[in-house]
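In what follows, a structure is listed as structure tokens, so that the remarks can point back to it.
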2 protein chains.
Amino acid sequence: MAKKVTIATVARYAGVSRQTVSNVLNTPEVVREETRRRVHEAVEALGYRANQAARQMRTGRSRLIATRIEPTRDGINGSVLDRFLHGLTEAAAGSGYRVILYTAADDEAEIATYEDLLGAYTPDAFVLASTHHGDARTSWLAARGMPFVTFGRPWDALDAHTWVDVDGAAGTEEATGHLLGSGHRRVAFLGWPEGSGVGDDRRSGWARAMAAAGLDVAGLAYVCEDRVAEAEAAVRGMLGAGEPPTAIVCASDSLALGAFQAARAANPDAPVAVCGFDDTPVARAVGLTSVSQPLEEAAAHCVRLLTRQIAGEDVDGQNTGGQQEDGAAAPERVLLRPSLVVRRSTT
Amino acid sequence: MAKKVTIATVARYAGVSRQTVSNVLNTPEVVREETRRRVHEAVEALGYRANQAARQMRTGRSRLIATRIEPTRDGINGSVLDRFLHGLTEAAAGSGYRVILYTAADDEAEIATYEDLLGAYTPDAFVLASTHHGDARTSWLAARGMPFVTFGRPWDALDAHTWVDVDGAAGTEEATGHLLGSGHRRVAFLGWPEGSGVGDDRRSGWARAMAAAGLDVAGLAYVCEDRVAEAEAAVRGMLGAGEPPTAIVCASDSLALGAFQAARAANPDAPVAVCGFDDTPVARAVGLTSVSQPLEEAAAHCVRLLTRQIAGEDVDGQNTGGQQEDGAAAPERVLLRPSLVVRRSTT
DNA sequence: TCTATCGTCTTGAACGTTCAAATCGCCATG
DNA sequence: CATGGCGATTTGAACGTTCAAGACGATAGA
């Protein structure tokens with residue numbers, strides 16, 4: 001059972017003091033090159049790794065990023081957050097951070113978890129997904145000066161805090177444009193009931209594209225809950241009515257799958273074109289055209305913005321009040337453009 | 001900015017010493033009831049939370065469970081591990097543990113990550129999924145005496161270490177039995193190429209059920225890669241041949257979806273019955289009968305077995321060699337029974 | 001030559017917790 | 001009445017790291 005290798009072990013091996021080893025690892029520029037080399041050799045030879053707990057004790061930094069893992073949703077779109085989580089873990093590791101998970105049934109429970117986590121593991125930052133109107137979590141964290149980033153806009157006030165999001169409207173706009181380019185004129189939109197930021201945003205992209213083409217959208221906007229069966233029923237009704245659309249842009253792959261099934265049932269040979277959102281495995285499997293979010297990129301931005309916030313905390317006194325010359329004080333926003341993956345459901 | 005609340009703050013507030021506070025929290029039985037009450041009040045009033053880093057320094061325990069998050073697979077079945085991960089996070093929280101994530105491209109990279117993690121964050125245990133023949137990770141961890149559990153059997157030697165798994169064979173057996181009960185006689189199996197533990201296991205359940213019913217399986221076992229398109233092609237061929245099956249049990253929902261599409265295309269009015277595995281969102285959405293794994297339960301068992309291993313470590317010297325009266329030394333195995341979710345694809 | 005400065009390295013202290021040992025009062029036992 | 005033991009609590013030390021301050025020799029400026 002090999003004894004634990006501490007900084008003292010390395011120091012003895014290299015014939016220097018503890019602090020010199022620490023300096024080699026944290027502030028190499030203050031130590032002579034030859035010494036640095038010797039210490040590195042010792043670290044290598046002994047397989048030394050800085051103990052995170054001890055480091056945290058002294059510095060107050062845990063190099064941990066906390067985020068919530070959601071219960072699998074009904075729908076098909078759950079996989080989006082999982083891909084994001086994977087991207088986050090990778091990006092974090094690239095910056096020397098690890099991701100620690102928690103669950104919470106609702107916002108209130110989540111805030112209780114914050115208190116727990118902050119007391120015990122003291123993560124350096126939080127990543128919040130699934131933002132919504134009147135989100136209580138962000139203000140709680142902001143009030144405590146905790147660094148955090150949301151993946152998803154704060155739908156109430158865009159400049160409230162740092163966030164990363166994907167431009168859903170641009171996605172549906174591109175999808176609609178793609179259909180218009182194929183000759184479609186009656187392009188419908190199947191979305192969620194009004195009031196959800198994400199849903200309303202996606203609808204607006206469709207409306208914008210239609211308007212730009214000089215087309216009337218009256219009677220072409222449909223609404224239902226985010227479930228396959230409901231979408232299927234809705235589209236069945238839509239196609240049986242007087243002047244049915246020839247293409248449908250959907251707010252999610254769940255809706256799109258339902259629409260796709262209804263379309264094929266109504267006319268197996270030349271079904272109505274259907275376009276989904278999120279490019280989930282199902283869309284790939286079924287051959288559904290869909291809007292794809294750059295999740296890995298979004299996750300990388302989250303980590304980048306967080307590390308910047310954390311670093312900014314160190315020089316706290318300077319940022320508040322003075323000229324924000326370095327811009328570290330102003331919350332940053334990143335809006336990424338999704339891309340359209342064209343498959344056979346729109347050809 | 002409220003000062004940090006430490007054990008010393010609580011001690012002063014309650015008029016006792018540090019150690020007494022520590023005792024109230026860790027070994028309440030040694031402290032007088034009245035004192036205990038006073039300390040609890042102080043903890044409550046000040047919102048005290050034990051600092052994990054400091055605790056870890058002293059005890060060597062981090063109360064962290066490390067597990068890997070996989071890159072999203074091609075298929076549809078990725079959601080299985082995500083549900084498991086969610087269950088794991090919840091179960092861990094229930095036992096006072098948190099889940100910390102890492103990624104790794106392959107086994108070798110994963111082992112490198114172990115060294116990193118063990119040096120820095122020193123998790124108390126690991127949970128490994130996606131076990132396979134000749135898994136190098138388990139022996140590495142075992143050699144270092146690291147507590148770990150795999151979700152998935154060690155396919156080489158069942159008694160090698162502690163594991164939790166779902167009885168895939170029982171699942172396909174039940175699915176096959178369900179189809180036989182509906183009057184089907186020519187029930188085919190569509191699985192993965194031989195050599196994967198999971199796949200071979202699932203095939204064996206089907207074979208068992210067929211044998212029990214006295215049916216011949218010659219020419220009824222099909223094989224293809226785990227992709228929707230390939231399954232679709234395979235089943236198209238199958239149904240065009242001389243004596244086609246009337247029902248197909250599949251090793252995954254990906255395969256089942258492909259089979260389902262081919263079946264409906266071949267005969268929209270009375271398609272061949274199809275049964276999948278994993279009860280993924282897609283199966284739910286499309287109406288595919290599927291075998292459902294009790295993932296939350298599996299995760300809970302993992303945590304239970306881990307905490308037991310961790311606790312067993314403390315009395316290390318006693319367990320080795322002596323009579324294993326308490327059984328803590330022998331690796332435990334848990335095999336859970338999946339359940340069949342019947343939907344319209346088999347009626 | 002004396003002092004100041006710089007580069008390099010070392011020493012003591014502290015972070016918050018728990019372990020091990022010591023203290024103290026009290027009661028039972030010989 | 002001395003001794004021992006027990007229950008309840010306190011005190012000192014240690015975990016491994018980094019910060020703050022200091023030491024030491026060499027070089028430069030007055």
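Convention: chains lettered A, B, ... in structure tokens order; per-chain residue numbering from 1; ligands numbered from 1 as shown.
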
Proximity check chain D to chain B, 12 Å, nearest pairs one decimal Å, only C-alpha atoms (C1' of nucleotides), as CSV:
```
residue,atom,partner,partner_atom,distance
D:DG7,C1',B:Val30,CA,8.3
D:DA8,C1',B:Val31,CA,6.6
D:DT9,C1',B:Thr20,CA,7.0
D:DT10,C1',B:Ser17,CA,6.5
D:DT11,C1',B:Ser17,CA,9.3
D:DG12,C1',B:Gln19,CA,11.7
D:DA13,C1',B:Arg58,CA,11.5
D:DA14,C1',B:Arg58,CA,7.8
D:DC15,C1',B:Met57,CA,4.9
D:DG16,C1',B:Met57,CA,7.6
D:DT17,C1',B:Met57,CA,10.4
```

DSSP on the backbone, then: every residue of segment 74-307 of chain A marked strand (DSSP E), written as a PyMOL selection string.
chain A and resi 98-102+125-129+148-151+163-166+187-191+221-223+247-250+273-277+289-292

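Note that the spacing between atom CA of Lys4 of chain B and atom CA of Tyr48 of chain B amounts to 8.9 Å.
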
Each chain B residue no farther than 7 Å from chain A, nearest pair in Å, only C-alpha atoms, as CSV:
```
residue,atom,partner,partner_atom,distance
B:Arg49,CA,A:Gly119,CA,5.0
B:Ala50,CA,A:Ala120,CA,5.7
B:Asn51,CA,A:Ala120,CA,4.6
B:Gln52,CA,A:Ala120,CA,4.8
B:Ala53,CA,A:Ala53,CA,4.6
B:Ala54,CA,A:Met57,CA,6.4
B:Gln56,CA,A:Ala53,CA,6.6
B:Met57,CA,A:Ala53,CA,6.3
B:Ile69,CA,A:His86,CA,6.2
B:Glu70,CA,A:His86,CA,6.9
B:Pro71,CA,A:His86,CA,6.3
B:Thr72,CA,A:Arg83,CA,6.3
B:Gly75,CA,A:Pro281,CA,6.4
B:Ile76,CA,A:Pro281,CA,5.5
B:Ser79,CA,A:Ser79,CA,6.6
B:Asp82,CA,A:Asp82,CA,6.9
B:Arg83,CA,A:Thr72,CA,6.2
B:His86,CA,A:Ile69,CA,6.2
B:Thr89,CA,A:Tyr102,CA,6.3
B:Glu90,CA,A:Thr103,CA,6.4
B:Arg98,CA,A:Leu101,CA,6.7
B:Val99,CA,A:Leu101,CA,5.5
B:Ile100,CA,A:Ile100,CA,4.4
B:Leu101,CA,A:Val99,CA,5.5
B:Tyr102,CA,A:Thr89,CA,6.3
B:Thr103,CA,A:Glu90,CA,6.4
B:Gly119,CA,A:Arg49,CA,4.9
B:Ala120,CA,A:Asn51,CA,4.6
B:Tyr121,CA,A:Gln52,CA,5.4
B:Val228,CA,A:Ala285,CA,5.8
B:Pro281,CA,A:Ile76,CA,5.5
B:Val282,CA,A:Val282,CA,6.5
B:Ala285,CA,A:Val228,CA,5.8
```

Per-residue nearest contacts of chain C to chain A (9 Å; only C-alpha atoms (C1' of nucleotides)) as JSON lines:
```
{"residue": "C:DG7", "atom": "C1'", "partner": "A:Val30", "partner_atom": "CA", "distance": 8.1}
{"residue": "C:DT8", "atom": "C1'", "partner": "A:Val31", "partner_atom": "CA", "distance": 6.5}
{"residue": "C:DC9", "atom": "C1'", "partner": "A:Thr20", "partner_atom": "CA", "distance": 6.9}
{"residue": "C:DT10", "atom": "C1'", "partner": "A:Ser17", "partner_atom": "CA", "distance": 6.4}
{"residue": "C:DA14", "atom": "C1'", "partner": "A:Arg58", "partner_atom": "CA", "distance": 7.8}
{"residue": "C:DC15", "atom": "C1'", "partner": "A:Met57", "partner_atom": "CA", "distance": 4.9}
{"residue": "C:DG16", "atom": "C1'", "partner": "A:Met57", "partner_atom": "CA", "distance": 7.6}
```

Produce a file of the selected residues containing all heavy atoms, as a compact mmCIF listing (two decimals), in the first residue's frame.
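Listed below is the output, again_5.txt:
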```txt
# COMPACT_ATOMS: atom_id res chain seq x y z
P DG C 7 13.56 40.73 -10.32
OP1 DG C 7 13.49 40.84 -11.80
OP2 DG C 7 12.35 40.90 -9.49
O5' DG C 7 14.23 39.34 -9.97
C5' DG C 7 15.58 39.10 -10.37
C4' DG C 7 16.05 37.81 -9.72
O4' DG C 7 16.23 38.04 -8.30
C3' DG C 7 15.06 36.64 -9.84
O3' DG C 7 15.80 35.48 -10.21
C2' DG C 7 14.45 36.53 -8.46
C1' DG C 7 15.57 37.03 -7.57
N9 DG C 7 15.15 37.63 -6.30
C8 DG C 7 14.15 38.55 -6.10
N7 DG C 7 14.01 38.92 -4.85
C5 DG C 7 15.00 38.20 -4.19
C6 DG C 7 15.36 38.20 -2.81
O6 DG C 7 14.86 38.83 -1.88
N1 DG C 7 16.43 37.34 -2.56
C2 DG C 7 17.06 36.59 -3.51
N2 DG C 7 18.06 35.82 -3.09
N3 DG C 7 16.75 36.59 -4.80
C4 DG C 7 15.70 37.42 -5.06
P DT C 8 15.08 34.13 -10.57
OP1 DT C 8 15.95 33.37 -11.49
OP2 DT C 8 13.69 34.44 -10.92
O5' DT C 8 15.09 33.36 -9.17
C5' DT C 8 16.34 32.93 -8.65
C4' DT C 8 16.16 32.41 -7.26
O4' DT C 8 15.70 33.46 -6.39
C3' DT C 8 15.13 31.29 -7.12
O3' DT C 8 15.83 30.07 -6.92
C2' DT C 8 14.28 31.69 -5.91
C1' DT C 8 15.10 32.82 -5.30
N1 DT C 8 14.33 33.85 -4.53
C2 DT C 8 14.63 34.03 -3.19
O2 DT C 8 15.47 33.40 -2.61
N3 DT C 8 13.87 34.99 -2.57
C4 DT C 8 12.89 35.78 -3.14
O4 DT C 8 12.30 36.61 -2.47
C5 DT C 8 12.64 35.54 -4.53
C7 DT C 8 11.60 36.33 -5.24
C6 DT C 8 13.36 34.59 -5.17
P DC C 9 15.09 28.70 -6.84
OP1 DC C 9 16.06 27.64 -7.20
OP2 DC C 9 13.81 28.83 -7.56
O5' DC C 9 14.79 28.56 -5.28
C5' DC C 9 15.89 28.51 -4.37
C4' DC C 9 15.39 28.79 -2.97
O4' DC C 9 14.73 30.07 -2.95
C3' DC C 9 14.36 27.80 -2.43
O3' DC C 9 14.99 26.92 -1.52
C2' DC C 9 13.32 28.67 -1.75
C1' DC C 9 13.91 30.07 -1.81
N1 DC C 9 12.88 31.14 -1.95
C2 DC C 9 12.61 31.95 -0.85
O2 DC C 9 13.24 31.77 0.20
N3 DC C 9 11.67 32.92 -0.96
C4 DC C 9 11.01 33.08 -2.11
N4 DC C 9 10.09 34.06 -2.17
C5 DC C 9 11.27 32.26 -3.26
C6 DC C 9 12.21 31.30 -3.13
P DT C 10 14.11 25.84 -0.70
OP1 DT C 10 15.00 24.73 -0.32
OP2 DT C 10 12.87 25.60 -1.44
O5' DT C 10 13.78 26.66 0.63
C5' DT C 10 14.85 27.19 1.41
C4' DT C 10 14.31 27.77 2.70
O4' DT C 10 13.47 28.92 2.41
C3' DT C 10 13.46 26.81 3.53
O3' DT C 10 13.88 26.89 4.88
C2' DT C 10 12.03 27.32 3.34
C1' DT C 10 12.25 28.81 3.11
N1 DT C 10 11.21 29.48 2.27
C2 DT C 10 10.50 30.53 2.80
O2 DT C 10 10.66 30.94 3.93
N3 DT C 10 9.58 31.09 1.94
C4 DT C 10 9.33 30.70 0.64
O4 DT C 10 8.48 31.28 -0.03
C5 DT C 10 10.10 29.59 0.16
C7 DT C 10 9.89 29.08 -1.24
C6 DT C 10 11.00 29.03 0.99
P DA C 14 -2.19 31.80 12.98
OP1 DA C 14 -2.42 33.18 13.46
OP2 DA C 14 -2.03 30.68 13.93
O5' DA C 14 -3.35 31.42 11.97
C5' DA C 14 -3.53 32.14 10.76
C4' DA C 14 -4.18 31.24 9.75
O4' DA C 14 -3.22 30.26 9.32
C3' DA C 14 -5.37 30.43 10.31
O3' DA C 14 -6.57 30.93 9.75
C2' DA C 14 -5.10 28.99 9.90
C1' DA C 14 -3.94 29.10 8.93
N9 DA C 14 -3.02 27.97 8.98
C8 DA C 14 -2.40 27.42 10.06
N7 DA C 14 -1.62 26.39 9.77
C5 DA C 14 -1.75 26.27 8.40
C6 DA C 14 -1.18 25.38 7.49
N6 DA C 14 -0.34 24.40 7.82
N1 DA C 14 -1.51 25.53 6.18
C2 DA C 14 -2.35 26.52 5.84
N3 DA C 14 -2.95 27.42 6.61
C4 DA C 14 -2.61 27.24 7.90
P DC C 15 -7.96 30.58 10.41
OP1 DC C 15 -8.64 31.84 10.68
OP2 DC C 15 -7.75 29.59 11.49
O5' DC C 15 -8.72 29.79 9.25
C5' DC C 15 -8.79 30.28 7.92
C4' DC C 15 -9.05 29.12 7.00
O4' DC C 15 -7.83 28.37 6.85
C3' DC C 15 -10.05 28.10 7.57
O3' DC C 15 -11.35 28.44 7.11
C2' DC C 15 -9.57 26.76 7.00
C1' DC C 15 -8.14 27.03 6.55
N1 DC C 15 -7.09 26.19 7.20
C2 DC C 15 -6.19 25.45 6.42
O2 DC C 15 -6.31 25.50 5.19
N3 DC C 15 -5.23 24.70 7.02
C4 DC C 15 -5.14 24.69 8.35
N4 DC C 15 -4.17 23.94 8.89
C5 DC C 15 -6.04 25.43 9.17
C6 DC C 15 -6.98 26.15 8.56
P DG C 16 -12.53 28.62 8.19
OP1 DG C 16 -13.67 29.25 7.50
OP2 DG C 16 -11.99 29.22 9.43
O5' DG C 16 -12.93 27.12 8.52
C5' DG C 16 -13.53 26.34 7.51
C4' DG C 16 -13.64 24.91 7.97
O4' DG C 16 -12.32 24.40 8.24
C3' DG C 16 -14.44 24.72 9.27
O3' DG C 16 -15.36 23.68 9.05
C2' DG C 16 -13.38 24.35 10.30
C1' DG C 16 -12.34 23.66 9.43
N9 DG C 16 -10.98 23.70 9.96
C8 DG C 16 -10.37 24.73 10.64
N7 DG C 16 -9.12 24.48 10.98
C5 DG C 16 -8.90 23.21 10.47
C6 DG C 16 -7.73 22.40 10.52
O6 DG C 16 -6.64 22.66 11.03
N1 DG C 16 -7.93 21.17 9.89
C2 DG C 16 -9.10 20.77 9.29
N2 DG C 16 -9.11 19.57 8.73
N3 DG C 16 -10.20 21.51 9.23
C4 DG C 16 -10.03 22.71 9.85
```

Can you tell me how far atom CA of Arg308 of chain B sits from atom CA of Thr113 of chain A, in Å to one decimal?
25.2 Å

Excluding same-chain residues fewer than 6 positions from segment 338-340 of chain B, what lies within 7 Å of it counting only C-alpha atoms (C1' of nucleotides), as a PyMOL selection string?
chain B and resi 166-167+171+175+290-294

From a DSSP calculation on the backbone, collect every residue of segment 122-152 of chain B in alpha helix (DSSP H) and output the set as a list in words.
Ala136, Arg137, Thr138, Ser139, Trp140, Leu141, Ala142 and Ala143 of chain B

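The environment of Phe126 of chain A within 8 Å, counting only C-alpha atoms (C1' of nucleotides) and disregarding residues fewer than 2 places along the same chain, consists of A:Ile65, A:Ala66, A:Thr67, A:Pro123, A:Asp124, A:Leu128, A:Met146, A:Pro147, A:Phe148, A:Val149.
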
Excluding segment 240-247 of chain A and any residue of its chain fewer than 5 positions from it, enumerate the residues within 9 Å of it, using only C-alpha atoms (C1' of nucleotides), and give them as a PyMOL selection string.
chain A and resi 176+179+184-189+220+235+266+271-275+346

Please write the residues from the selection above to a file, keeping all heavy atoms, as a compact mmCIF listing (two decimals), in the first residue's frame.
```
# COMPACT_ATOMS: atom_id res chain seq x y z
N THR A 176 -38.29 27.24 -42.10
CA THR A 176 -39.39 27.75 -42.91
C THR A 176 -38.87 28.19 -44.28
O THR A 176 -39.48 27.90 -45.32
CB THR A 176 -40.07 28.94 -42.20
OG1 THR A 176 -40.40 28.55 -40.86
CG2 THR A 176 -41.33 29.35 -42.93
N LEU A 179 -38.39 25.32 -46.56
CA LEU A 179 -39.63 24.82 -47.13
C LEU A 179 -40.15 25.75 -48.22
O LEU A 179 -40.61 25.31 -49.28
CB LEU A 179 -40.68 24.66 -46.02
CG LEU A 179 -40.37 23.54 -45.01
CD1 LEU A 179 -41.23 23.66 -43.77
CD2 LEU A 179 -40.53 22.17 -45.66
N HIS A 184 -43.10 25.42 -51.25
CA HIS A 184 -44.26 25.45 -50.35
C HIS A 184 -44.73 26.89 -50.15
O HIS A 184 -43.93 27.82 -50.10
CB HIS A 184 -43.91 24.83 -49.00
CG HIS A 184 -43.69 23.34 -49.08
ND1 HIS A 184 -44.72 22.43 -49.11
CD2 HIS A 184 -42.55 22.60 -49.16
CE1 HIS A 184 -44.24 21.20 -49.19
NE2 HIS A 184 -42.90 21.28 -49.23
N ARG A 185 -46.02 27.04 -50.04
CA ARG A 185 -46.60 28.36 -49.77
C ARG A 185 -47.42 28.34 -48.48
O ARG A 185 -47.39 29.26 -47.70
CB ARG A 185 -47.47 28.83 -50.94
CG ARG A 185 -46.66 29.39 -52.13
CD ARG A 185 -45.82 30.59 -51.70
NE ARG A 185 -44.80 30.95 -52.69
CZ ARG A 185 -43.53 30.54 -52.61
NH1 ARG A 185 -43.15 29.73 -51.65
NH2 ARG A 185 -42.65 30.94 -53.51
N ARG A 186 -48.17 27.29 -48.28
CA ARG A 186 -48.97 27.18 -47.06
C ARG A 186 -48.17 26.39 -46.03
O ARG A 186 -48.31 25.18 -45.89
CB ARG A 186 -50.31 26.51 -47.35
CG ARG A 186 -51.27 27.38 -48.17
CD ARG A 186 -52.65 26.79 -48.28
NE ARG A 186 -53.29 26.54 -46.99
CZ ARG A 186 -53.86 27.49 -46.23
NH1 ARG A 186 -53.86 28.75 -46.64
NH2 ARG A 186 -54.43 27.16 -45.09
N VAL A 187 -47.29 27.10 -45.31
CA VAL A 187 -46.45 26.46 -44.30
C VAL A 187 -47.03 26.75 -42.92
O VAL A 187 -47.07 27.90 -42.49
CB VAL A 187 -45.00 26.98 -44.37
CG1 VAL A 187 -44.15 26.29 -43.32
CG2 VAL A 187 -44.42 26.77 -45.76
N ALA A 188 -47.47 25.70 -42.24
CA ALA A 188 -48.08 25.88 -40.92
C ALA A 188 -47.02 25.79 -39.82
O ALA A 188 -45.89 25.34 -40.05
CB ALA A 188 -49.15 24.82 -40.70
N PHE A 189 -47.39 26.23 -38.63
CA PHE A 189 -46.52 26.07 -37.46
C PHE A 189 -47.31 25.35 -36.37
O PHE A 189 -48.43 25.73 -36.03
CB PHE A 189 -46.04 27.42 -36.94
CG PHE A 189 -45.08 27.30 -35.79
CD1 PHE A 189 -43.73 27.03 -36.01
CD2 PHE A 189 -45.53 27.42 -34.47
CE1 PHE A 189 -42.84 26.90 -34.96
CE2 PHE A 189 -44.63 27.28 -33.40
CZ PHE A 189 -43.29 27.03 -33.65
N LEU A 220 -52.78 29.50 -39.82
CA LEU A 220 -51.71 28.51 -40.02
C LEU A 220 -50.94 28.19 -38.74
O LEU A 220 -50.06 27.35 -38.73
CB LEU A 220 -50.73 28.99 -41.09
CG LEU A 220 -51.25 28.89 -42.54
CD1 LEU A 220 -50.28 29.56 -43.51
CD2 LEU A 220 -51.45 27.42 -42.93
N VAL A 235 -52.77 17.29 -36.15
CA VAL A 235 -52.45 17.34 -37.57
C VAL A 235 -53.50 16.58 -38.39
O VAL A 235 -53.83 16.96 -39.52
CB VAL A 235 -51.03 16.80 -37.83
CG1 VAL A 235 -50.77 16.63 -39.32
CG2 VAL A 235 -50.02 17.74 -37.21
N ALA A 266 -52.35 10.03 -43.67
CA ALA A 266 -53.31 10.71 -44.54
C ALA A 266 -52.99 10.49 -46.02
O ALA A 266 -53.87 10.33 -46.85
CB ALA A 266 -53.32 12.21 -44.21
N PRO A 271 -46.74 12.56 -48.51
CA PRO A 271 -47.17 13.17 -47.23
C PRO A 271 -46.76 14.63 -47.15
O PRO A 271 -45.83 15.06 -47.82
CB PRO A 271 -46.42 12.33 -46.19
CG PRO A 271 -45.24 11.80 -46.91
CD PRO A 271 -45.64 11.61 -48.33
N VAL A 272 -47.50 15.35 -46.34
CA VAL A 272 -47.17 16.73 -46.04
C VAL A 272 -45.76 16.80 -45.45
O VAL A 272 -45.39 15.94 -44.65
CB VAL A 272 -48.21 17.31 -45.06
CG1 VAL A 272 -47.73 18.61 -44.46
CG2 VAL A 272 -49.54 17.50 -45.76
N ALA A 273 -44.98 17.80 -45.83
CA ALA A 273 -43.61 17.94 -45.30
C ALA A 273 -43.66 18.33 -43.83
O ALA A 273 -44.51 19.12 -43.42
CB ALA A 273 -42.86 18.99 -46.10
N VAL A 274 -42.72 17.76 -43.04
CA VAL A 274 -42.69 18.05 -41.61
C VAL A 274 -41.27 18.35 -41.18
O VAL A 274 -40.32 17.69 -41.62
CB VAL A 274 -43.23 16.85 -40.80
CG1 VAL A 274 -42.99 17.06 -39.32
CG2 VAL A 274 -44.71 16.63 -41.07
N CYS A 275 -41.15 19.33 -40.31
CA CYS A 275 -39.82 19.70 -39.82
C CYS A 275 -39.86 19.79 -38.30
O CYS A 275 -40.79 20.39 -37.74
CB CYS A 275 -39.43 21.04 -40.43
SG CYS A 275 -37.84 21.60 -39.91
N THR A 346 -38.80 16.22 -45.55
CA THR A 346 -39.11 17.49 -46.22
C THR A 346 -38.67 17.46 -47.67
O THR A 346 -38.30 18.49 -48.23
CB THR A 346 -38.44 18.68 -45.54
OG1 THR A 346 -37.02 18.45 -45.52
CG2 THR A 346 -38.93 18.88 -44.13
```
